[in-house]
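What follows is protein03.txt (compact mmCIF, C-alpha atoms and all ligand atoms).
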# COMPACT_ATOMS: atom_id res chain seq x y z
CA MET M 3 0.00 0.00 0.00
CA ALA M 4 1.32 3.45 -0.92
CA TYR M 5 0.73 6.36 1.48
CA TYR M 6 0.26 10.07 0.88
CA HIS M 7 0.51 13.01 3.21
CA ILE M 8 -0.76 16.51 2.40
CA TRP M 9 0.35 19.51 4.45
CA THR M 10 -2.14 22.34 3.90
CA MET M 11 -1.54 25.97 4.80
CA GLY M 12 -3.66 29.07 4.27
CA CYS M 13 -7.12 29.80 2.96
CA GLN M 14 -10.27 27.77 2.32
CA MET M 15 -9.34 27.55 -1.35
CA ASN M 16 -6.19 25.61 -0.43
CA LYS M 17 -8.22 23.42 1.92
CA ALA M 18 -10.72 22.66 -0.85
CA GLU M 19 -7.93 21.86 -3.31
CA SER M 20 -6.15 19.56 -0.82
CA GLU M 21 -9.41 17.72 -0.11
CA ARG M 22 -9.84 17.09 -3.81
CA LEU M 23 -6.24 16.10 -4.38
CA GLY M 24 -6.51 13.61 -1.50
CA SER M 25 -9.63 12.10 -2.97
CA TYR M 26 -8.01 11.76 -6.40
CA LEU M 27 -4.94 10.10 -4.88
CA GLU M 28 -7.14 7.63 -3.02
CA GLN M 29 -8.73 6.65 -6.31
CA GLN M 30 -5.24 6.00 -7.64
CA GLY M 31 -4.65 3.53 -4.79
CA TYR M 32 -2.99 5.78 -2.19
CA GLN M 33 -4.00 5.90 1.45
CA ALA M 34 -3.78 8.97 3.68
CA THR M 35 -1.32 9.06 6.57
CA GLU M 36 -0.87 11.63 9.33
CA ALA M 37 2.83 10.74 9.57
CA ALA M 38 4.83 12.46 6.83
CA GLU M 39 7.88 10.22 7.55
CA GLU M 40 5.83 7.16 6.49
CA ALA M 41 4.46 8.63 3.28
CA ASP M 42 5.51 7.66 -0.25
CA LEU M 43 4.16 10.95 -1.56
CA ILE M 44 4.23 14.26 0.31
CA VAL M 45 2.35 17.27 -1.03
CA LEU M 46 2.99 20.72 0.39
CA ASN M 47 0.02 23.00 -0.36
CA SER M 48 1.62 26.33 0.46
CA CYS M 49 0.56 29.88 1.36
CA VAL M 50 2.71 32.99 0.92
CA VAL M 51 0.13 35.68 1.68
CA ARG M 52 2.40 36.93 4.49
CA HIS M 53 6.14 36.62 5.00
CA SER M 54 5.65 34.44 8.10
CA ALA M 55 3.62 31.90 6.11
CA GLU M 56 6.19 31.87 3.32
CA ASN M 57 8.94 31.22 5.90
CA ARG M 58 7.02 28.29 7.33
CA ALA M 59 6.50 26.85 3.84
CA LEU M 60 10.19 27.23 2.98
CA SER M 61 11.43 25.72 6.22
CA ARG M 62 9.09 22.77 5.75
CA LEU M 63 10.35 22.38 2.20
CA ASN M 64 13.97 22.43 3.40
CA SER M 65 13.27 19.89 6.13
CA LEU M 66 11.98 17.52 3.45
CA LYS M 67 15.47 17.52 1.90
CA THR M 68 16.81 15.28 4.67
CA LEU M 69 13.84 12.94 4.37
CA LYS M 70 14.35 12.66 0.63
CA ARG M 71 18.07 11.90 1.12
CA SER M 72 17.27 9.01 3.43
CA ARG M 73 14.41 7.78 1.22
CA PRO M 74 15.20 8.55 -2.44
CA ASN M 75 11.95 6.91 -3.59
CA LEU M 76 9.88 9.47 -1.71
CA ALA M 77 7.98 11.72 -4.14
CA ILE M 78 7.54 15.37 -3.20
CA ALA M 79 5.09 17.77 -4.86
CA VAL M 80 4.53 21.45 -4.09
CA THR M 81 1.44 23.47 -4.96
CA GLY M 82 -0.30 26.59 -3.57
CA CYS M 83 0.77 30.20 -3.85
CA LEU M 84 4.50 29.51 -3.39
CA VAL M 85 4.43 28.27 -6.97
CA ASP M 86 4.79 31.19 -9.37
CA SER M 87 5.25 31.14 -13.13
CA GLU M 88 9.04 30.73 -12.71
CA VAL M 89 8.84 27.00 -12.12
CA GLY M 90 12.35 26.55 -13.61
CA GLU M 91 13.78 28.78 -10.91
CA LEU M 92 11.94 26.81 -8.20
CA GLU M 93 13.25 23.55 -9.66
CA ARG M 94 16.80 24.89 -9.45
CA ARG M 95 16.35 26.08 -5.87
CA PHE M 96 14.63 22.91 -4.68
CA PRO M 97 16.02 19.98 -6.68
CA HIS M 98 14.58 17.50 -4.17
CA VAL M 99 11.02 18.42 -5.28
CA ASP M 100 9.67 16.16 -8.02
CA LEU M 101 6.75 18.31 -9.14
CA PHE M 102 5.61 21.90 -8.82
CA PHE M 103 2.09 22.75 -9.90
CA GLY M 104 0.29 26.07 -9.49
CA PRO M 105 -2.74 26.67 -7.26
CA GLY M 106 -5.92 25.45 -8.94
CA ALA M 107 -3.98 23.42 -11.52
CA LEU M 108 -5.18 20.02 -10.27
CA PRO M 109 -7.83 19.49 -13.00
CA ASP M 110 -5.22 20.19 -15.73
CA LEU M 111 -2.77 17.90 -14.04
CA MET M 112 -5.35 15.11 -13.82
CA ALA M 113 -6.15 15.52 -17.50
CA ARG M 114 -2.42 15.35 -18.35
CA VAL M 115 -1.81 12.24 -16.25
CA GLY M 116 -4.86 10.72 -17.94
CA ARG M 117 -5.75 8.32 -15.11
CA ARG M 118 -9.37 7.55 -14.34
CA GLY M 119 -11.22 9.03 -11.39
CA ASP M 120 -12.55 12.38 -10.27
CA ALA M 121 -11.43 14.69 -7.52
CA LEU M 122 -14.68 14.77 -5.56
CA PRO M 123 -14.44 13.46 -2.02
CA ARG M 124 -15.81 9.87 -1.86
CA HIS M 125 -17.05 10.43 1.70
CA PRO M 126 -17.42 14.19 1.98
CA SER M 127 -17.73 15.94 5.30
CA PRO M 128 -21.36 16.95 6.07
CA SER M 129 -20.03 20.46 5.40
CA THR M 130 -17.97 20.48 2.21
CA LEU M 131 -16.01 23.12 0.31
CA VAL M 132 -16.75 23.74 -3.38
CA PRO M 133 -14.51 26.11 -5.37
CA ILE M 134 -16.60 28.20 -7.77
CA ILE M 135 -14.16 30.85 -9.00
CA GLN M 136 -10.39 30.79 -9.31
CA GLY M 137 -8.04 33.76 -9.20
CA CYS M 138 -8.63 37.43 -8.53
CA ASP M 139 -8.83 40.53 -10.71
CA ASN M 140 -8.74 43.07 -7.90
CA PHE M 141 -5.03 43.64 -7.39
CA CYS M 142 -5.29 45.16 -3.92
CA SER M 143 -1.93 46.87 -3.63
CA TYR M 144 -0.63 44.63 -0.80
CA CYS M 145 -1.81 41.25 -2.07
CA ILE M 146 0.17 38.57 -3.88
CA VAL M 147 -2.81 36.33 -4.66
CA PRO M 148 -3.61 37.67 -8.19
CA TYR M 149 0.04 37.11 -9.17
CA ARG M 150 -0.06 33.48 -8.06
CA ARG M 151 -3.65 32.44 -8.77
CA GLY M 152 -4.06 34.43 -11.96
CA ARG M 153 -7.13 36.20 -13.34
CA GLU M 154 -10.68 35.30 -12.36
CA HIS M 155 -12.01 32.16 -13.92
CA SER M 156 -15.53 30.99 -12.99
CA ARG M 157 -16.73 27.41 -13.24
CA PRO M 158 -19.96 27.02 -15.26
CA VAL M 159 -23.23 26.95 -13.29
CA GLU M 160 -24.19 23.50 -14.62
CA GLU M 161 -20.85 22.01 -13.62
CA ILE M 162 -21.21 23.32 -10.06
CA VAL M 163 -24.84 22.21 -9.78
CA ALA M 164 -23.97 18.69 -10.99
CA GLU M 165 -21.04 18.55 -8.57
CA VAL M 166 -23.13 19.65 -5.58
CA GLU M 167 -25.82 17.09 -6.49
CA GLU M 168 -23.15 14.41 -6.56
CA LEU M 169 -21.72 15.55 -3.20
CA VAL M 170 -25.19 15.51 -1.64
CA GLY M 171 -25.64 11.97 -2.99
CA ARG M 172 -22.42 11.06 -1.19
CA GLY M 173 -23.55 12.53 2.15
CA ALA M 174 -22.80 16.27 2.12
CA ARG M 175 -25.55 18.39 3.70
CA GLU M 176 -23.98 21.84 3.51
CA VAL M 177 -21.71 23.38 0.88
CA SER M 178 -19.42 26.36 1.28
CA LEU M 179 -18.80 27.95 -2.10
CA VAL M 180 -15.27 29.32 -2.09
CA GLY M 181 -13.26 31.82 -4.10
CA GLN M 182 -11.16 34.94 -3.46
CA ASN M 183 -14.12 37.07 -4.43
CA VAL M 184 -17.25 34.98 -4.92
CA ASN M 185 -19.41 38.04 -5.59
CA SER M 186 -17.72 38.56 -8.94
CA TYR M 187 -18.72 35.01 -9.91
CA GLY M 188 -19.89 34.56 -13.50
CA HIS M 189 -18.80 37.81 -15.18
CA ASP M 190 -16.45 35.80 -17.41
CA LEU M 191 -19.06 33.18 -18.42
CA PRO M 192 -21.42 33.25 -21.42
CA GLY M 193 -24.71 34.93 -20.42
CA ARG M 194 -22.96 36.39 -17.34
CA PRO M 195 -24.78 34.45 -14.61
CA ASP M 196 -24.16 35.94 -11.16
CA LEU M 197 -23.79 34.53 -7.66
CA ALA M 198 -27.49 35.11 -6.89
CA GLN M 199 -28.43 32.96 -9.90
CA LEU M 200 -26.05 30.22 -8.85
CA LEU M 201 -27.42 30.29 -5.30
CA THR M 202 -30.98 30.13 -6.67
CA ARG M 203 -30.11 26.97 -8.62
CA LEU M 204 -28.35 25.33 -5.68
CA ASN M 205 -31.23 26.23 -3.37
CA GLU M 206 -33.41 23.81 -5.39
CA ILE M 207 -31.24 20.74 -4.76
CA ALA M 208 -33.14 18.18 -2.67
CA GLY M 209 -31.17 16.86 0.30
CA LEU M 210 -28.96 19.95 0.47
CA TRP M 211 -29.80 21.79 3.68
CA ARG M 212 -27.44 24.75 3.84
CA ILE M 213 -25.41 26.92 1.48
CA ARG M 214 -22.59 29.24 2.51
CA PHE M 215 -20.12 31.24 0.46
CA LEU M 216 -16.88 33.14 1.05
CA THR M 217 -15.16 35.58 0.55
CA SER M 218 -17.24 38.59 -0.59
CA HIS M 219 -15.64 41.86 -1.67
CA PRO M 220 -17.56 44.83 -0.22
CA LYS M 221 -17.47 46.68 -3.55
CA ASP M 222 -19.32 43.80 -5.27
CA VAL M 223 -22.16 43.17 -2.81
CA SER M 224 -25.32 44.82 -4.19
CA PRO M 225 -28.68 45.49 -2.47
CA GLU M 226 -30.31 43.05 -4.95
CA PHE M 227 -27.86 40.41 -3.83
CA ALA M 228 -28.75 40.99 -0.17
CA ARG M 229 -32.44 40.57 -1.04
CA ALA M 230 -31.72 37.32 -2.93
CA MET M 231 -29.78 36.02 0.08
CA ALA M 232 -32.72 36.76 2.35
CA ARG M 233 -35.18 35.09 -0.03
CA LEU M 234 -33.31 31.79 -0.47
CA GLU M 235 -34.10 29.70 2.60
CA LYS M 236 -31.05 27.44 2.35
CA VAL M 237 -28.56 30.29 2.12
CA CYS M 238 -27.09 30.88 5.58
CA PRO M 239 -27.26 34.41 6.99
CA HIS M 240 -23.49 34.85 7.16
CA LEU M 241 -21.06 36.93 5.12
CA SER M 242 -17.30 37.13 5.10
CA LEU M 243 -16.71 40.73 4.15
CA PRO M 244 -13.13 41.98 4.64
CA LEU M 245 -12.89 45.63 5.68
CA GLN M 246 -9.05 45.87 5.78
CA SER M 247 -9.01 49.48 7.07
CA GLY M 248 -11.39 52.11 8.45
CA ASP M 249 -9.40 55.02 7.01
CA ASP M 250 -10.24 56.32 3.54
CA ASP M 251 -6.68 57.29 2.56
CA ILE M 252 -5.38 53.85 3.56
CA LEU M 253 -8.29 52.16 1.74
CA ARG M 254 -7.40 54.19 -1.36
CA ALA M 255 -3.72 53.23 -1.09
CA MET M 256 -4.82 49.61 -0.67
CA ARG M 257 -6.93 49.98 -3.85
CA ARG M 258 -9.97 48.50 -2.17
CA GLY M 259 -12.56 50.48 -4.14
CA TYR M 260 -14.76 51.65 -1.22
CA THR M 261 -14.66 54.10 1.70
CA GLY M 262 -15.25 53.50 5.38
CA GLU M 263 -18.65 55.17 5.05
CA GLN M 264 -19.62 52.91 2.13
CA TYR M 265 -18.67 49.86 4.19
CA ARG M 266 -20.72 51.18 7.13
CA GLN M 267 -23.76 51.70 4.87
CA LEU M 268 -23.34 48.28 3.30
CA ILE M 269 -23.39 46.59 6.71
CA GLY M 270 -26.48 48.61 7.63
CA ARG M 271 -28.29 47.54 4.44
CA LEU M 272 -27.30 43.89 4.92
CA ARG M 273 -28.53 43.87 8.50
CA GLN M 274 -31.81 45.39 7.39
CA ALA M 275 -32.32 42.98 4.49
CA ILE M 276 -31.15 39.82 6.30
CA PRO M 277 -32.31 39.80 9.94
CA GLY M 278 -29.73 38.28 12.30
CA VAL M 279 -27.01 38.15 9.63
CA ALA M 280 -23.53 37.39 11.00
CA ILE M 281 -20.54 39.23 9.57
CA SER M 282 -16.89 38.15 9.61
CA THR M 283 -14.23 40.59 8.57
CA ASP M 284 -10.48 40.93 8.00
CA VAL M 285 -8.30 43.88 8.94
CA ILE M 286 -4.70 44.73 8.11
CA VAL M 287 -2.81 46.91 10.61
CA GLY M 288 0.45 48.75 9.98
CA PHE M 289 -0.10 49.30 6.24
CA PRO M 290 2.67 51.62 4.86
CA GLY M 291 2.28 55.10 6.33
CA GLU M 292 -0.58 54.17 8.70
CA THR M 293 -0.58 56.81 11.46
CA GLU M 294 -1.97 56.33 14.95
CA GLU M 295 -4.97 58.44 13.91
CA GLN M 296 -5.64 56.28 10.88
CA PHE M 297 -5.32 53.13 12.97
CA GLN M 298 -7.78 54.67 15.45
CA ARG M 299 -10.33 55.02 12.61
CA THR M 300 -10.08 51.28 11.97
CA LEU M 301 -10.46 50.58 15.68
CA ASP M 302 -13.51 52.88 15.85
CA LEU M 303 -15.15 51.27 12.84
CA VAL M 304 -14.53 47.77 14.24
CA ALA M 305 -16.10 48.92 17.55
CA GLU M 306 -19.08 50.37 15.72
CA MET M 307 -19.67 47.50 13.29
CA ARG M 308 -19.67 44.79 15.99
CA CYS M 309 -18.81 41.97 13.60
CA ASP M 310 -19.04 38.38 14.81
CA THR M 311 -15.37 37.70 14.03
CA VAL M 312 -12.43 39.86 12.96
CA HIS M 313 -9.25 38.37 11.60
CA VAL M 314 -6.37 40.82 12.11
CA ALA M 315 -3.10 40.64 10.16
CA ALA M 316 0.01 42.77 10.49
CA TYR M 317 0.98 44.18 7.08
CA SER M 318 3.69 42.14 5.41
CA PRO M 319 5.36 43.46 2.23
CA ARG M 320 5.05 40.91 -0.57
CA PRO M 321 7.61 41.15 -3.36
CA GLY M 322 6.00 41.92 -6.70
CA THR M 323 3.03 43.85 -5.26
CA LEU M 324 2.48 47.56 -5.82
CA ALA M 325 2.70 48.35 -2.09
CA SER M 326 6.04 46.59 -1.68
CA ARG M 327 7.41 48.38 -4.77
CA GLU M 328 6.19 51.88 -4.07
CA MET M 329 5.47 52.27 -0.36
CA ALA M 330 7.96 52.04 2.49
CA ASP M 331 7.08 49.53 5.20
CA SER M 332 7.16 52.35 7.73
CA VAL M 333 5.36 50.97 10.80
CA PRO M 334 7.79 49.10 13.10
CA ALA M 335 7.03 45.43 13.83
CA ALA M 336 6.44 46.09 17.56
CA GLU M 337 3.91 48.80 16.72
CA LYS M 338 2.11 46.52 14.23
CA LYS M 339 1.89 43.92 16.98
CA ARG M 340 0.46 46.47 19.46
CA ARG M 341 -2.17 47.55 16.92
CA ARG M 342 -3.06 43.94 16.11
CA GLN M 343 -3.45 43.09 19.79
CA ARG M 344 -5.63 46.16 20.43
CA ILE M 345 -8.10 45.14 17.73
CA GLU M 346 -8.02 41.53 18.86
CA ALA M 347 -8.76 42.54 22.47
CA LEU M 348 -11.60 44.80 21.34
CA GLU M 349 -13.09 42.08 19.16
CA GLU M 350 -12.79 39.45 21.86
CA GLY M 351 -15.05 41.59 24.05
CA ILE M 352 -17.53 42.22 21.21
CA ALA M 353 -17.70 38.53 20.20
CA ALA M 354 -18.12 37.48 23.85
CA GLU M 355 -21.06 39.90 24.21
CA ILE M 356 -22.71 38.81 20.95
CA ASN M 357 -22.43 35.15 21.92
CA ALA M 358 -23.59 35.77 25.50
CA GLY M 359 -26.82 37.02 23.94
CA LEU M 360 -27.44 33.42 22.77
CA ARG M 361 -27.45 31.93 26.30
CA GLY M 362 -30.72 30.14 26.96
CA LYS M 363 -31.61 30.22 23.24
CA ALA M 364 -32.11 27.22 20.95
CA VAL M 365 -29.85 26.94 17.91
CA LYS M 366 -29.78 24.45 15.04
CA VAL M 367 -26.46 22.72 14.59
CA LEU M 368 -25.28 20.69 11.60
CA VAL M 369 -23.08 18.09 13.33
CA GLU M 370 -19.71 17.77 11.62
CA GLY M 371 -17.85 15.40 13.95
CA LYS M 372 -16.37 14.77 17.39
CA ARG M 373 -13.58 16.57 19.21
CA ARG M 374 -12.32 15.37 22.59
CA GLY M 375 -15.38 13.23 23.14
CA ARG M 376 -17.93 15.94 22.32
CA TRP M 377 -19.93 16.53 19.18
CA TYR M 378 -19.34 19.79 17.34
CA GLY M 379 -20.99 21.63 14.50
CA ARG M 380 -22.06 25.07 13.37
CA THR M 381 -25.17 27.17 13.64
CA LEU M 382 -26.73 28.96 10.65
CA THR M 383 -24.52 31.95 11.48
CA ALA M 384 -21.38 29.75 11.57
CA LYS M 385 -20.95 29.73 15.36
CA LEU M 386 -19.06 26.69 16.62
CA VAL M 387 -21.14 24.66 19.10
CA PHE M 388 -20.07 21.77 21.35
CA PHE M 389 -22.41 19.34 23.09
CA SER M 390 -22.46 15.80 24.46
CA HIS M 391 -24.72 13.02 23.20
CA GLY M 392 -24.51 9.23 23.18
CA ALA M 393 -25.88 8.61 19.66
CA GLU M 394 -24.11 8.75 16.29
CA LEU M 395 -25.00 12.23 15.01
CA ARG M 396 -22.52 13.07 12.24
CA GLY M 397 -24.36 14.75 9.38
CA GLN M 398 -27.52 15.36 11.42
CA LEU M 399 -29.25 18.59 12.25
CA MET M 400 -29.64 18.91 16.02
CA GLY M 401 -31.40 21.40 18.24
CA VAL M 402 -29.09 22.63 21.01
CA ARG M 403 -30.04 24.86 23.92
CA VAL M 404 -27.06 27.11 24.62
CA ASP M 405 -25.98 27.25 28.27
CA LYS M 406 -22.36 28.47 28.13
CA THR M 407 -20.64 30.84 25.72
CA GLY M 408 -17.20 32.25 24.95
CA PRO M 409 -16.02 34.63 22.22
CA TRP M 410 -15.31 31.81 19.75
CA TRP M 411 -17.64 28.94 20.80
CA LEU M 412 -20.95 27.96 22.37
CA GLU M 413 -21.82 24.96 24.54
CA GLY M 414 -25.19 23.47 25.25
CA MET M 415 -27.56 20.52 25.62
CA ALA M 416 -29.08 18.71 22.68
CA PHE M 417 -32.84 18.36 22.71
CA GLU M 418 -35.34 16.50 20.56
CA GLU M 419 -37.36 18.73 18.28
N1 LIG M 501 -10.09 38.06 -1.11
C1 LIG M 501 -10.22 38.38 0.23
C2 LIG M 501 -10.29 39.91 0.42
O1 LIG M 501 -10.84 40.59 -0.39
O2 LIG M 501 -9.78 40.41 1.38
C3 LIG M 501 -9.19 37.78 1.12
C4 LIG M 501 -8.04 37.04 0.53
S1 LIG M 501 -6.51 37.32 1.30
C5 LIG M 501 -5.62 36.02 0.64
C6 LIG M 501 -6.80 36.89 2.97
C7 LIG M 501 -6.41 37.98 3.94
O3 LIG M 501 -5.03 38.05 4.03
C8 LIG M 501 -6.85 39.36 3.53
O4 LIG M 501 -8.15 39.63 3.90
C9 LIG M 501 -5.87 40.25 4.23
O5 LIG M 501 -6.39 40.69 5.47
C10 LIG M 501 -4.67 39.33 4.43
N2 LIG M 501 -3.53 39.79 3.61
C11 LIG M 501 -3.38 39.72 2.27
N3 LIG M 501 -2.20 40.25 1.91
C12 LIG M 501 -1.58 40.66 3.04
C13 LIG M 501 -0.34 41.30 3.32
N4 LIG M 501 0.50 41.62 2.35
N5 LIG M 501 -0.05 41.57 4.61
C14 LIG M 501 -0.90 41.27 5.61
N6 LIG M 501 -2.08 40.66 5.40
C15 LIG M 501 -2.43 40.36 4.13
FE1 LIG M 502 -6.10 39.76 -2.56
FE2 LIG M 502 -7.71 41.87 -2.84
FE3 LIG M 502 -8.01 39.75 -4.43
FE4 LIG M 502 -8.66 39.59 -1.83
S1 LIG M 502 -9.64 40.90 -3.37
S2 LIG M 502 -7.46 38.08 -3.03
S3 LIG M 502 -7.13 40.86 -0.88
S4 LIG M 502 -6.25 41.11 -4.39
Show how you would write the structure in this file as structure tokens.
Ligand code: SAM
Ligand code: SF4
Amino acid sequence: MAYYHIWTMGCQMNKAESERLGSYLEQQGYQATEAAEEADLIVLNSCVVRHSAENRALSRLNSLKTLKRSRPNLAIAVTGCLVDSEVGELERRFPHVDLFFGPGALPDLMARVGRRGDALPRHPSPSTLVPIIQGCDNFCSYCIVPYRRGREHSRPVEEIVAEVEELVGRGAREVSLVGQNVNSYGHDLPGRPDLAQLLTRLNEIAGLWRIRFLTSHPKDVSPEFARAMARLEKVCPHLSLPLQSGDDDILRAMRRGYTGEQYRQLIGRLRQAIPGVAISTDVIVGFPGETEEQFQRTLDLVAEMRCDTVHVAAYSPRPGTLASREMADSVPAAEKKRRRQRIEALEEGIAAEINAGLRGKAVKVLVEGKRRGRWYGRTLTAKLVFFSHGAELRGQLMGVRVDKTGPWWLEGMAFEE
């Protein structure tokens, strides 16, 4: 028996691609192993969105050198955003790697290898990721993703519908549609279908209970879209809507295409159109030239918006991007860390308060699996819930009465509905 091991870093797109690669390998006779030292094939699915991630990817890649020396038959493949168009250069730098392939290139690779099988998980998780659009056309000034994942490329509606039907047939109950900017879905397809149309089609699939999607770009979320979200009963009231900064000059330098006020209005409209909608956001602190005053505007907007989660990153210059070329990385690392921790502390309080409001309430949880002896799953608004129960519940929808809450989780008792 041959074994494979995939090490996945980074975003949901990478997770989705690793899941599919694993499934394809299993159809070719491989079996998954947690222990990289035992594997015959190791795949590193990398992320380079920040310098720290790139360092981790490179040190992992270097550590594989020793393993390869002791086991020359070991095959090593690298994918994800570390792989740029200069594959020749990568091959020279890392001669112990057998294959480099770019992010999203799995379908092409499968076609080239010509073996039978598809890349859909045989036994998908009750909540499964489905990529719907590759690449990004936005070129935010700090971001390396468009250089590594290329221009936007949407998968046809019919292909996605057929795939989701197949996944539901194999046991999936919820799909998360993933892409760097899912709200620009379809503009490159004949007839220009949009995300609302895709959601409408998926909403009709029998046996599919919930639909999520991420990430949405604030400049591409329209009022009509919010209304469609509210109308479609299977679409979960949850949006991942990165803010990045609350200061208009920084937003302009980031090339985000909206102002703080526009973001504020968008959240207001979404909350009006979709009652109880949960919002997750991302923020970058210490962007080139960010003053204390500008940082304060971000902090104020985060305090005002009261999002359910905020992911904070310290700005990291990425070679090849406009920001790294033209703007000095002027905020010292210690100051970036202070700013990051201030937003994190603020958000921890906000999230704790929002979740405390759920104490005593009943929530519906799609059970995904067990962790340390307890079942876990998510609510409609993507809150993580833990509870104990003797029966086998994976893939079931359970009512849970919440009795304990923290900023990032809920706990409760299951009850029969
Ligand atoms: N497409 C999404 C969006 O519009 O924001 C997110 C994709 S990006 C790969 C994920 C997150 O990484 C971003 O929201 C941003 O906060 C962070 N990020 C991207 N480039 C960064 C950089 N150079 N330094 C720090 N954080 C960065
Ligand atoms: Fe990067 Fe901006 Fe595209 Fe998000 S929208 S992937 S931050 S370029």
Which residue, M:Val50, M:Val287, M:Leu197, M:Val304, has the smallest gap to Ala336 of chain M when you use all atoms listed in the file?
M:Val287
Residues of chain M that have any atom at most 9 Å from an atom of ligand LIG 502 (chain M): could you tabulate them with the shortest-distance atom pair and the distance in Å to one decimal, using only C-alpha atoms and all ligand atoms, ordered by chain and increasing number, as CSV?
residue,atom,partner,partner_atom,distance
M:Val51,CA,M:LIG502,FE1,8.6
M:Gly137,CA,M:LIG502,S2,7.6
M:Cys138,CA,M:LIG502,FE3,4.8
M:Asp139,CA,M:LIG502,FE3,6.4
M:Asn140,CA,M:LIG502,S4,4.7
M:Phe141,CA,M:LIG502,S4,4.1
M:Cys142,CA,M:LIG502,S4,4.2
M:Ser143,CA,M:LIG502,S4,7.2
M:Tyr144,CA,M:LIG502,S3,7.5
M:Cys145,CA,M:LIG502,FE1,4.6
M:Ile146,CA,M:LIG502,FE1,6.5
M:Val147,CA,M:LIG502,FE1,5.2
M:Pro148,CA,M:LIG502,S4,5.8
M:Tyr149,CA,M:LIG502,S4,8.9
M:Arg151,CA,M:LIG502,S2,8.9
M:Gly181,CA,M:LIG502,S2,8.6
M:Gln182,CA,M:LIG502,S2,4.9
M:Asn183,CA,M:LIG502,S1,6.0
M:Thr217,CA,M:LIG502,FE4,8.0
M:Ser218,CA,M:LIG502,S1,8.4
M:His219,CA,M:LIG502,S1,6.3
M:Pro244,CA,M:LIG502,FE4,8.2
M:Gln246,CA,M:LIG502,S3,8.6
M:Met256,CA,M:LIG502,FE2,8.5
M:Arg257,CA,M:LIG502,FE2,8.2
M:Arg258,CA,M:LIG502,FE2,7.0
Between atom CA of Leu301 of chain M and atom CA of Trp411 of chain M, what is the spacing in Å?
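So the two atoms, atom CA of Trp411 of chain M and atom CA of Leu301 of chain M, lie 23.4 Å apart.
In this comparison, which uses all atoms listed in the file, the residue of M:Lys338, M:His7, M:Arg124, M:His98 approaching ligand LIG 501 (chain M) most closely is M:Lys338.
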Would you please work out which residue, of M:Gln29, M:Thr81, M:Ser318, M:Gln296, is nearest to ligand LIG 501 (chain M) when using all atoms listed in the file?
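The shortest atom-to-atom distance to ligand LIG 501 (chain M) comes from M:Ser318.
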For Ala79 of chain M, find every residue with an atom within 10 Å (counting only C-alpha atoms), except residues of its own chain fewer than 3 positions away, and show them as number ranges by chain.
M: 8, 43-47, 63, 98-103
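Using all atoms listed in the file, the nearest neighbour of ligand LIG 501 (chain M) within the list M:Pro409, M:Gly173, M:Gly379, M:Gly259 is M:Gly259.
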